[in-house]
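K.L.:
To be precise about what I am sending: the file is called coords13.cif and holds mmCIF, C-alpha atoms.
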data_my_file
loop_
_atom_site.label_atom_id
_atom_site.label_comp_id
_atom_site.auth_asym_id
_atom_site.auth_seq_id
_atom_site.Cartn_x
_atom_site.Cartn_y
_atom_site.Cartn_z
CA MET A 26 0.00 0.00 0.00
CA LYS A 27 1.61 3.27 -1.09
CA THR A 28 0.22 6.16 0.88
CA ALA A 29 0.84 9.88 0.61
CA VAL A 30 0.32 12.78 3.01
CA ILE A 31 -0.03 16.19 1.38
CA VAL A 32 1.87 18.87 3.29
CA PHE A 33 0.91 22.54 3.03
CA PRO A 34 2.64 25.47 4.69
CA GLY A 35 0.79 25.56 8.01
CA SER A 36 -0.15 21.88 8.14
CA ASN A 37 0.42 20.66 11.68
CA CYS A 38 -1.13 17.18 11.81
CA ASP A 39 0.88 15.83 8.88
CA ARG A 40 3.26 13.91 11.13
CA ASP A 41 0.44 12.49 13.27
CA MET A 42 -1.17 11.31 10.04
CA ALA A 43 2.12 9.81 8.87
CA VAL A 44 2.48 7.90 12.14
CA ALA A 45 -1.06 6.55 11.80
CA LEU A 46 -0.48 5.42 8.21
CA GLU A 47 2.85 3.82 9.02
CA THR A 48 1.41 2.11 12.11
CA VAL A 49 -1.26 0.46 10.00
CA THR A 50 0.62 -0.25 6.77
CA GLY A 51 4.11 -0.83 8.16
CA ARG A 52 5.42 1.57 5.55
CA ALA A 53 6.07 5.29 5.87
CA PRO A 54 3.93 7.45 3.57
CA ALA A 55 5.38 9.81 1.00
CA MET A 56 5.21 13.36 2.33
CA VAL A 57 4.20 15.42 -0.69
CA TRP A 58 4.77 19.19 -0.67
CA HIS A 59 1.96 21.38 -1.98
CA ARG A 60 4.10 22.77 -4.81
CA GLU A 61 4.46 19.35 -6.39
CA SER A 62 2.26 18.80 -9.41
CA GLU A 63 2.30 14.99 -9.31
CA LEU A 64 1.81 12.30 -6.72
CA PRO A 65 4.40 9.52 -6.44
CA ALA A 66 3.63 6.85 -9.05
CA GLY A 67 1.36 4.14 -7.71
CA THR A 68 -0.03 6.17 -4.81
CA ASP A 69 -3.13 4.32 -3.65
CA PHE A 70 -4.20 6.32 -0.61
CA ILE A 71 -4.02 10.09 -0.07
CA ALA A 72 -4.42 11.94 3.22
CA LEU A 73 -4.95 15.68 3.58
CA PRO A 74 -3.96 16.48 7.17
CA GLY A 75 -5.20 18.98 9.71
CA GLY A 76 -3.63 22.32 10.45
CA PHE A 77 -3.90 25.87 9.24
CA SER A 78 -2.78 25.73 5.64
CA TYR A 79 -1.68 29.15 4.38
CA GLY A 80 -2.63 30.59 7.76
CA ASP A 81 -6.32 30.12 6.92
CA TYR A 82 -5.96 33.17 4.65
CA LEU A 83 -9.13 34.14 2.77
CA ARG A 84 -11.07 31.10 4.07
CA SER A 85 -9.91 27.91 5.78
CA GLY A 86 -8.61 25.62 3.05
CA ALA A 87 -9.20 28.12 0.25
CA MET A 88 -5.60 28.64 -0.78
CA ALA A 89 -4.62 24.99 -0.37
CA ALA A 90 -7.52 23.94 -2.59
CA ARG A 91 -5.96 25.96 -5.45
CA SER A 92 -2.40 24.68 -4.93
CA PRO A 93 -0.73 22.66 -7.70
CA ILE A 94 -0.88 19.31 -5.90
CA LEU A 95 -4.66 19.52 -5.54
CA ARG A 96 -5.08 19.07 -9.28
CA ALA A 97 -3.24 15.78 -8.96
CA VAL A 98 -5.33 14.85 -5.90
CA ALA A 99 -8.55 15.63 -7.78
CA GLU A 100 -7.39 13.58 -10.73
CA ALA A 101 -6.54 10.63 -8.48
CA ALA A 102 -9.87 10.95 -6.65
CA GLY A 103 -11.58 10.83 -10.03
CA ARG A 104 -9.84 7.53 -10.73
CA GLY A 105 -11.17 6.13 -7.45
CA VAL A 106 -8.07 6.50 -5.27
CA PRO A 107 -9.23 6.86 -1.64
CA VAL A 108 -8.75 10.38 -0.26
CA LEU A 109 -9.14 11.17 3.44
CA GLY A 110 -9.31 14.79 4.55
CA VAL A 111 -9.22 15.48 8.26
CA CYS A 112 -10.08 18.83 9.81
CA ASN A 113 -8.26 21.36 7.59
CA GLY A 114 -8.09 18.54 5.03
CA PHE A 115 -11.92 18.42 5.08
CA GLN A 116 -12.01 22.20 4.59
CA VAL A 117 -9.63 21.84 1.64
CA LEU A 118 -11.81 19.12 0.07
CA THR A 119 -14.93 21.29 0.26
CA GLU A 120 -13.08 24.32 -1.09
CA ALA A 121 -11.78 22.14 -3.93
CA GLN A 122 -15.37 21.00 -4.56
CA LEU A 123 -14.40 17.37 -4.13
CA LEU A 124 -17.02 17.34 -1.37
CA PRO A 125 -20.22 19.38 -1.14
CA GLY A 126 -20.91 22.09 1.41
CA ALA A 127 -18.67 24.41 3.37
CA LEU A 128 -17.17 24.63 6.85
CA MET A 129 -17.94 27.85 8.63
CA ARG A 130 -16.91 29.42 11.94
CA ASN A 131 -18.16 27.34 14.91
CA ALA A 132 -21.56 28.50 16.05
CA GLY A 133 -20.27 29.23 19.55
CA LEU A 134 -17.29 31.11 18.03
CA ASN A 135 -14.94 29.14 20.30
CA PHE A 136 -12.14 26.90 19.18
CA VAL A 137 -13.34 23.45 20.29
CA CYS A 138 -10.62 21.05 21.40
CA ARG A 139 -11.79 17.90 23.15
CA SER A 140 -12.84 14.32 22.56
CA VAL A 141 -16.34 13.99 21.18
CA ARG A 142 -18.70 11.09 20.64
CA LEU A 143 -19.59 10.31 17.04
CA THR A 144 -22.31 8.08 15.67
CA VAL A 145 -21.27 5.96 12.72
CA GLU A 146 -24.05 6.59 10.19
CA ASN A 147 -22.70 4.58 7.28
CA SER A 148 -20.65 1.46 7.94
CA GLN A 149 -20.56 0.40 4.29
CA SER A 150 -17.96 2.81 2.97
CA LEU A 151 -14.36 1.83 2.45
CA PHE A 152 -13.40 4.09 5.36
CA THR A 153 -16.07 2.98 7.81
CA ALA A 154 -16.41 -0.73 7.12
CA GLY A 155 -14.62 -1.47 10.41
CA TYR A 156 -17.47 0.05 12.40
CA ARG A 157 -21.03 -1.05 13.03
CA ALA A 158 -23.81 1.23 11.80
CA GLY A 159 -25.13 3.20 14.74
CA GLU A 160 -22.03 2.53 16.83
CA THR A 161 -20.80 5.37 19.02
CA ILE A 162 -17.08 6.07 18.88
CA THR A 163 -14.93 8.69 20.60
CA ILE A 164 -12.53 10.80 18.53
CA PRO A 165 -10.90 14.16 19.34
CA VAL A 166 -11.81 17.39 17.56
CA ALA A 167 -9.70 20.55 17.47
CA HIS A 168 -11.09 23.25 15.22
CA HIS A 169 -12.47 26.73 14.88
CA ASP A 170 -14.19 26.32 11.52
CA GLY A 171 -16.06 23.04 11.72
CA ASN A 172 -19.63 24.23 11.36
CA TYR A 173 -20.79 22.22 8.35
CA PHE A 174 -23.18 24.03 6.04
CA ALA A 175 -24.98 22.95 2.90
CA ASP A 176 -28.39 23.88 1.56
CA ASP A 177 -31.33 21.69 2.53
CA ALA A 178 -31.52 19.99 -0.86
CA THR A 179 -27.85 18.99 -0.61
CA LEU A 180 -28.28 17.79 2.98
CA ASP A 181 -31.32 15.73 2.00
CA ARG A 182 -29.38 14.20 -0.87
CA LEU A 183 -26.39 13.39 1.36
CA GLU A 184 -28.66 11.72 3.90
CA GLY A 185 -30.63 9.88 1.25
CA GLU A 186 -27.51 8.52 -0.41
CA GLY A 187 -25.89 7.41 2.85
CA ARG A 188 -23.12 9.94 2.42
CA VAL A 189 -23.19 11.18 6.01
CA ALA A 190 -20.41 8.99 7.40
CA PHE A 191 -20.31 10.36 10.95
CA ARG A 192 -22.61 12.52 13.03
CA TYR A 193 -21.79 14.22 16.33
CA ALA A 194 -23.71 12.49 19.12
CA ASP A 195 -24.09 15.90 20.78
CA ALA A 196 -23.96 19.39 19.30
CA VAL A 197 -20.31 20.45 18.97
CA ASN A 198 -20.01 23.34 16.54
CA GLY A 199 -23.40 24.13 15.04
CA SER A 200 -23.01 21.78 12.07
CA ALA A 201 -26.14 21.25 10.00
CA ARG A 202 -27.80 18.05 11.19
CA ARG A 203 -24.75 17.52 13.45
CA ILE A 204 -22.77 16.26 10.45
CA ALA A 205 -19.16 15.45 11.31
CA GLY A 206 -18.03 13.70 8.13
CA VAL A 207 -19.27 13.27 4.57
CA LEU A 208 -18.45 11.08 1.59
CA ASN A 209 -18.38 11.99 -2.09
CA ASP A 210 -20.88 10.35 -4.42
CA ALA A 211 -18.44 7.60 -5.42
CA GLY A 212 -17.61 6.89 -1.78
CA ASN A 213 -13.83 7.16 -2.18
CA VAL A 214 -13.42 10.63 -0.69
CA LEU A 215 -14.14 11.21 3.02
CA GLY A 216 -13.89 14.53 4.81
CA MET A 217 -14.29 14.73 8.57
CA MET A 218 -13.55 17.32 11.24
CA PRO A 219 -12.64 14.85 14.04
CA HIS A 220 -9.09 13.50 14.06
CA PRO A 221 -8.98 9.69 13.78
CA GLU A 222 -5.16 9.85 13.62
CA ARG A 223 -5.22 11.14 17.19
CA ALA A 224 -7.01 8.02 18.42
CA ILE A 225 -4.88 5.08 17.29
CA ASP A 226 -2.75 4.37 20.36
CA PRO A 227 -3.89 3.62 23.92
CA ALA A 228 -1.61 6.46 25.01
CA HIS A 229 -3.88 8.83 23.05
CA GLY A 230 -6.67 7.94 25.47
CA GLY A 231 -8.53 5.82 22.93
CA THR A 232 -8.07 3.80 19.76
CA ASP A 233 -11.41 4.29 18.00
CA GLY A 234 -9.69 5.92 15.04
CA LEU A 235 -7.62 2.86 14.27
CA ARG A 236 -10.41 0.93 12.57
CA LEU A 237 -10.91 3.72 10.05
CA PHE A 238 -7.33 3.38 8.86
CA GLU A 239 -7.44 -0.41 8.99
CA ALA A 240 -10.58 -0.49 6.86
CA ALA A 241 -9.43 2.17 4.40
CA LEU A 242 -6.00 0.62 4.03
CA GLY A 243 -7.44 -2.83 3.50
CA VAL A 244 -5.82 -4.57 6.42
CA LEU A 245 -8.91 -5.48 8.42
CA ALA A 246 -8.63 -8.94 9.93
CA MET B 15 -7.51 50.42 -12.16
CA LYS B 16 -8.92 49.74 -8.72
CA VAL B 17 -11.65 47.16 -8.39
CA GLN B 18 -13.56 46.62 -5.19
CA VAL B 19 -15.03 43.25 -4.33
CA HIS B 20 -17.51 42.86 -1.51
CA VAL B 21 -18.06 39.28 -0.34
CA THR B 22 -21.10 38.72 1.83
CA LEU B 23 -22.79 35.68 3.30
CA LYS B 24 -25.86 34.56 1.43
CA PRO B 25 -29.20 35.34 3.05
CA GLY B 26 -30.19 32.47 5.30
CA VAL B 27 -26.63 31.40 6.06
CA LEU B 28 -26.07 31.78 9.79
CA ASP B 29 -23.39 34.30 10.66
CA PRO B 30 -21.97 33.63 14.12
CA GLN B 31 -19.42 36.42 13.73
CA GLY B 32 -22.11 38.93 12.86
CA LYS B 33 -24.06 37.75 15.87
CA ALA B 34 -21.05 38.20 18.17
CA ILE B 35 -20.46 41.71 16.81
CA HIS B 36 -24.12 42.46 17.38
CA HIS B 37 -23.88 41.33 21.01
CA ALA B 38 -20.71 43.34 21.50
CA LEU B 39 -22.38 46.50 20.16
CA GLU B 40 -25.26 45.97 22.55
CA GLY B 41 -22.75 45.42 25.36
CA LEU B 42 -21.26 48.82 24.56
CA GLY B 43 -24.68 50.33 25.01
CA PHE B 44 -25.58 50.97 21.36
CA ALA B 45 -29.32 50.50 21.02
CA GLY B 46 -31.35 49.99 17.88
CA VAL B 47 -29.02 47.61 16.02
CA GLU B 48 -31.36 45.02 14.57
CA ASP B 49 -28.94 42.71 12.80
CA VAL B 50 -25.26 42.49 11.88
CA ARG B 51 -23.79 40.54 8.96
CA ALA B 52 -20.02 40.40 8.59
CA GLY B 53 -18.38 40.10 5.19
CA ARG B 54 -15.08 40.70 3.46
CA PHE B 55 -13.79 43.57 1.35
CA ILE B 56 -11.05 42.96 -1.20
CA GLU B 57 -9.45 45.65 -3.34
CA LEU B 58 -7.69 44.65 -6.55
CA ASP B 59 -5.45 46.81 -8.68
CA VAL B 60 -5.81 45.45 -12.21
CA ALA B 61 -4.67 46.31 -15.72
CA ASP B 62 -7.17 48.13 -17.93
CA ASP B 63 -7.65 45.14 -20.20
CA VAL B 64 -8.95 42.90 -17.41
CA THR B 65 -12.55 42.27 -18.41
CA ASP B 66 -15.69 42.00 -16.31
CA ALA B 67 -15.76 38.32 -17.21
CA ASP B 68 -12.22 37.92 -15.83
CA LEU B 69 -13.23 39.61 -12.59
CA ASP B 70 -16.31 37.47 -12.31
CA ALA B 71 -14.21 34.33 -12.77
CA MET B 72 -11.76 35.50 -10.08
CA CYS B 73 -14.64 35.87 -7.65
CA ALA B 74 -16.31 32.59 -8.55
CA LYS B 75 -13.07 30.58 -8.50
CA LEU B 76 -11.34 32.00 -5.45
CA LEU B 77 -12.42 35.24 -3.82
CA ALA B 78 -15.86 33.97 -2.78
CA ASN B 79 -17.06 30.52 -1.85
CA THR B 80 -20.33 30.50 -3.75
CA VAL B 81 -21.72 27.71 -1.58
CA ILE B 82 -22.14 30.25 1.21
CA GLU B 83 -21.23 33.66 -0.19
CA ASN B 84 -22.36 36.23 -2.72
CA TYR B 85 -20.04 38.80 -4.24
CA ARG B 86 -20.39 42.25 -5.75
CA ILE B 87 -17.79 43.78 -8.07
CA THR B 88 -17.38 47.55 -8.35
CA ARG B 89 -14.91 49.25 -10.66
CA ALA B 90 -13.68 52.35 -8.88
#
Go ahead and render the structure in this file as structure tokens.
P.N.:
Amino acid sequence: MKTAVIVFPGSNCDRDMAVALETVTGRAPAMVWHRESELPAGTDFIALPGGFSYGDYLRSGAMAARSPILRAVAEAAGRGVPVLGVCNGFQVLTEAQLLPGALMRNAGLNFVCRSVRLTVENSQSLFTAGYRAGETITIPVAHHDGNYFADDATLDRLEGEGRVAFRYADAVNGSARRIAGVLNDAGNVLGMMPHPERAIDPAHGGTDGLRLFEAALGVLA
Amino acid sequence: MKVQVHVTLKPGVLDPQGKAIHHALEGLGFAGVEDVRAGRFIELDVADDVTDADLDAMCAKLLANTVIENYRITRA
């Protein structure tokens, strides 16, 4: 399994993501700088990490979504390569229009940094097949702009197509319908505000994120 | 040539920042403020041959996120 982590100026969860990928695959991911225009040949999993790419200038994720490497990421996503965007990575995916909706300032205006309970809404996707539908898992969040917004027609379509992957068990940031993570229509792109890479080792306080990587990376027992 | 771009949240999109500003104004004792919406103002200095269509594309592709925002272009 050849994985890649895209690194933007201001990314700060890229190394956590790399540790998670290496823990599960046994092989260190390629760290791909945003100025690159191509992914390493044979890349079969792409992660967009959390952080504050380009200092959140203009809008969170806006500049990163227009960086050269995102054209390669979009092209790979179009070929069905799995793409996981966490936190700022989710913001980048919406700004790049690889996922619908937008992530706005948290309704309470506070930066929210704590572990939250999520309900697994769809356990059929390649990222969530390690969970049971309806299962509650605990994953940390750390964000200021995690308030998911889409118009009602889009939200209805996402729900109807099973593209809401995770929902906050309790209100966290004002997200429409408490949506924490969404899939693209083909099911190979997942964006989520919570950080599964921060829940893979008992020393993190929990390991509920591990099954996401195990499922997505095809190493489920 | 100077071009002014105003980016505003679409009607119906909740604006927590506007709400916080509203509360802060009330806290300062200003009465009569019924609503506050926060937006963004961007000034561009462009060559004379930049067309309206170019400016519109700049807004649609980068300066505004049209999922949540409207934009208005004014040539100064």
K.L.:
Got a sec to pull out which chain A residues are within 12 Å of chain B, counting only C-alpha atoms, and send them as a count of residues only?
P.N.:
42
K.L.:
Spell out the residues picked by the PyMOL selection byres ((chain A and resi 99) around 10) here, as a PyMOL selection string.
P.N.:
chain A and resi 90+94-98+100-106+108+118+121-123+214
K.L.:
Between B:Arg86, B:His37, B:Lys16, B:Lys24, which residue has the minimum interatomic distance to Asp59 of chain B, considering only C-alpha atoms?
P.N.:
B:Lys16
K.L.:
Quick one, how far is atom CA of Phe115 of chain A from atom CA of Ala154 of chain A?
P.N.:
19.8 Å
K.L.:
List every protein, DNA or RNA residue with an atom no more than 8 Å from (-23.1, 4.8, 11.1) in the file's coordinates, counting all atoms listed in the file, and format the result as an mmCIF file with C-alpha atoms, keeping the file's coordinate frame.
P.N.:
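Below is the file that was written, part38.cif:
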data_model
loop_
_atom_site.group_PDB
_atom_site.id
_atom_site.type_symbol
_atom_site.label_atom_id
_atom_site.label_comp_id
_atom_site.auth_asym_id
_atom_site.auth_seq_id
_atom_site.Cartn_x
_atom_site.Cartn_y
_atom_site.Cartn_z
ATOM 1 C CA THR A 144 -22.310 8.080 15.670
ATOM 2 C CA VAL A 145 -21.270 5.960 12.720
ATOM 3 C CA GLU A 146 -24.050 6.590 10.190
ATOM 4 C CA ASN A 147 -22.700 4.580 7.280
ATOM 5 C CA SER A 148 -20.650 1.460 7.940
ATOM 6 C CA THR A 153 -16.070 2.980 7.810
ATOM 7 C CA TYR A 156 -17.470 0.050 12.400
ATOM 8 C CA ARG A 157 -21.030 -1.050 13.030
ATOM 9 C CA ALA A 158 -23.810 1.230 11.800
ATOM 10 C CA GLY A 159 -25.130 3.200 14.740
ATOM 11 C CA GLU A 160 -22.030 2.530 16.830
ATOM 12 C CA ALA A 190 -20.410 8.990 7.400
ATOM 13 C CA PHE A 191 -20.310 10.360 10.950
ATOM 14 C CA ARG A 192 -22.610 12.520 13.030
#
K.L.:
Work out how far atom CA of Ala211 of chain A is from atom CA of Gly243 of chain A, in Å to one decimal.
P.N.:
17.6 Å
K.L.:
For this file, the PyMOL selection byres ((chain A and resi 168) around 8) selects which residues, as a ChimeraX atom specification?
P.N.:
/A:112,136-138,166-167,169-171,218
K.L.:
So which residues get picked by the PyMOL selection byres ((chain B and resi 20) around 9) here, written as an NGL selection string?
P.N.:
:B and (18-19 or 21-22 or 53-57 or 84-88)
K.L.:
Which value, in Å to one decimal, gives the distance between atom CA of Ala55 of chain A and atom CA of Pro74 of chain A?
P.N.:
13.0 Å
K.L.:
Give me, as number ranges by chain, all polymer residues having an atom no more than 12 Å from Glu48 of chain B, counting all atoms listed in the file and skipping those fewer than 4 positions away in the same chain.
P.N.:
B: 32-33, 35-37, 39-40, 44
K.L.:
First collect every listed atom of segment 72-83 of chain B; then fit an axis-aligned box around them, widen it by 4 Å on each side, and give centre and edge lengths in Å to one decimal, as lines of an AutoDock Vina configuration file.
P.N.:
center_x = -16.7
center_y = 31.8
center_z = -4.4
size_x = 18.8
size_y = 16.2
size_z = 19.3
K.L.:
Given only C-alpha atoms as the basis, pick out the residue of A:Leu237, A:Leu143, A:Val30, A:Ala205 nearest to Met56 of chain A.
P.N.:
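Closest to Met56 of chain A of all the choices is A:Val30.
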K.L.:
Counting only C-alpha atoms, which of A:Lys27, A:His220, A:Arg40, A:Arg182 gets nearest to Arg142 of chain A?
P.N.:
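Nearest candidate to Arg142 of chain A out of A:Lys27, A:His220, A:Arg40, A:Arg182: A:His220.
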K.L.:
Determine the nearest neighbour of Pro65 of chain A from the options A:Ile31, A:Val111, A:Ala224, A:Ala241, counting only C-alpha atoms.
P.N.:
A:Ile31
K.L.:
Atoms are missing here; could segment 99-110 of chain A be completed with all heavy atoms and written as an mmCIF file, keeping the file's coordinate frame?
P.N.:
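New file out_10.cif:
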data_model
loop_
_atom_site.group_PDB
_atom_site.id
_atom_site.type_symbol
_atom_site.label_atom_id
_atom_site.label_comp_id
_atom_site.auth_asym_id
_atom_site.auth_seq_id
_atom_site.Cartn_x
_atom_site.Cartn_y
_atom_site.Cartn_z
ATOM 1 N N ALA A 99 -7.227 15.714 -7.157
ATOM 2 C CA ALA A 99 -8.550 15.630 -7.780
ATOM 3 C C ALA A 99 -8.561 14.588 -8.889
ATOM 4 O O ALA A 99 -9.528 13.821 -9.038
ATOM 5 C CB ALA A 99 -8.975 16.997 -8.319
ATOM 6 N N GLU A 100 -7.477 14.553 -9.637
ATOM 7 C CA GLU A 100 -7.390 13.580 -10.730
ATOM 8 C C GLU A 100 -7.374 12.154 -10.176
ATOM 9 O O GLU A 100 -8.082 11.265 -10.667
ATOM 10 C CB GLU A 100 -6.126 13.893 -11.556
ATOM 11 C CG GLU A 100 -5.971 13.123 -12.847
ATOM 12 C CD GLU A 100 -5.231 11.808 -12.645
ATOM 13 O OE1 GLU A 100 -4.354 11.747 -11.759
ATOM 14 O OE2 GLU A 100 -5.556 10.849 -13.357
ATOM 15 N N ALA A 101 -6.596 11.957 -9.101
ATOM 16 C CA ALA A 101 -6.540 10.630 -8.480
ATOM 17 C C ALA A 101 -7.894 10.255 -7.880
ATOM 18 O O ALA A 101 -8.359 9.106 -8.024
ATOM 19 C CB ALA A 101 -5.447 10.602 -7.396
ATOM 20 N N ALA A 102 -8.540 11.211 -7.243
ATOM 21 C CA ALA A 102 -9.870 10.950 -6.650
ATOM 22 C C ALA A 102 -10.840 10.528 -7.750
ATOM 23 O O ALA A 102 -11.655 9.622 -7.565
ATOM 24 C CB ALA A 102 -10.376 12.192 -5.919
ATOM 25 N N GLY A 103 -10.717 11.162 -8.912
ATOM 26 C CA GLY A 103 -11.580 10.830 -10.030
ATOM 27 C C GLY A 103 -11.353 9.416 -10.554
ATOM 28 O O GLY A 103 -12.262 8.807 -11.130
ATOM 29 N N ARG A 104 -10.140 8.917 -10.325
ATOM 30 C CA ARG A 104 -9.840 7.530 -10.730
ATOM 31 C C ARG A 104 -10.220 6.530 -9.656
ATOM 32 O O ARG A 104 -10.030 5.320 -9.835
ATOM 33 C CB ARG A 104 -8.320 7.389 -10.995
ATOM 34 C CG ARG A 104 -7.861 7.904 -12.339
ATOM 35 C CD ARG A 104 -6.401 7.514 -12.599
ATOM 36 N NE ARG A 104 -5.462 8.337 -11.855
ATOM 37 C CZ ARG A 104 -4.684 7.913 -10.860
ATOM 38 N NH1 ARG A 104 -4.733 6.659 -10.451
ATOM 39 N NH2 ARG A 104 -3.857 8.738 -10.252
ATOM 40 N N GLY A 105 -10.718 7.044 -8.501
ATOM 41 C CA GLY A 105 -11.170 6.130 -7.450
ATOM 42 C C GLY A 105 -10.169 5.906 -6.335
ATOM 43 O O GLY A 105 -10.419 5.105 -5.424
ATOM 44 N N VAL A 106 -9.038 6.625 -6.367
ATOM 45 C CA VAL A 106 -8.070 6.500 -5.270
ATOM 46 C C VAL A 106 -8.705 7.064 -3.993
ATOM 47 O O VAL A 106 -9.267 8.158 -4.022
ATOM 48 C CB VAL A 106 -6.768 7.267 -5.601
ATOM 49 C CG1 VAL A 106 -5.816 7.268 -4.409
ATOM 50 C CG2 VAL A 106 -6.107 6.681 -6.834
ATOM 51 N N PRO A 107 -8.649 6.326 -2.871
ATOM 52 C CA PRO A 107 -9.230 6.860 -1.640
ATOM 53 C C PRO A 107 -8.504 8.118 -1.168
ATOM 54 O O PRO A 107 -7.270 8.173 -1.187
ATOM 55 C CB PRO A 107 -9.023 5.721 -0.620
ATOM 56 C CG PRO A 107 -8.833 4.492 -1.439
ATOM 57 C CD PRO A 107 -8.154 4.946 -2.698
ATOM 58 N N VAL A 108 -9.287 9.116 -0.778
ATOM 59 C CA VAL A 108 -8.750 10.380 -0.260
ATOM 60 C C VAL A 108 -9.429 10.654 1.077
ATOM 61 O O VAL A 108 -10.661 10.692 1.153
ATOM 62 C CB VAL A 108 -9.008 11.555 -1.235
ATOM 63 C CG1 VAL A 108 -8.463 12.857 -0.647
ATOM 64 C CG2 VAL A 108 -8.401 11.278 -2.605
ATOM 65 N N LEU A 109 -8.627 10.838 2.112
ATOM 66 C CA LEU A 109 -9.140 11.170 3.440
ATOM 67 C C LEU A 109 -8.693 12.567 3.803
ATOM 68 O O LEU A 109 -7.494 12.861 3.807
ATOM 69 C CB LEU A 109 -8.581 10.165 4.481
ATOM 70 C CG LEU A 109 -8.826 10.519 5.963
ATOM 71 C CD1 LEU A 109 -10.309 10.450 6.300
ATOM 72 C CD2 LEU A 109 -8.021 9.591 6.878
ATOM 73 N N GLY A 110 -9.641 13.437 4.096
ATOM 74 C CA GLY A 110 -9.310 14.790 4.550
ATOM 75 C C GLY A 110 -9.797 14.965 5.969
ATOM 76 O O GLY A 110 -10.979 14.776 6.255
#
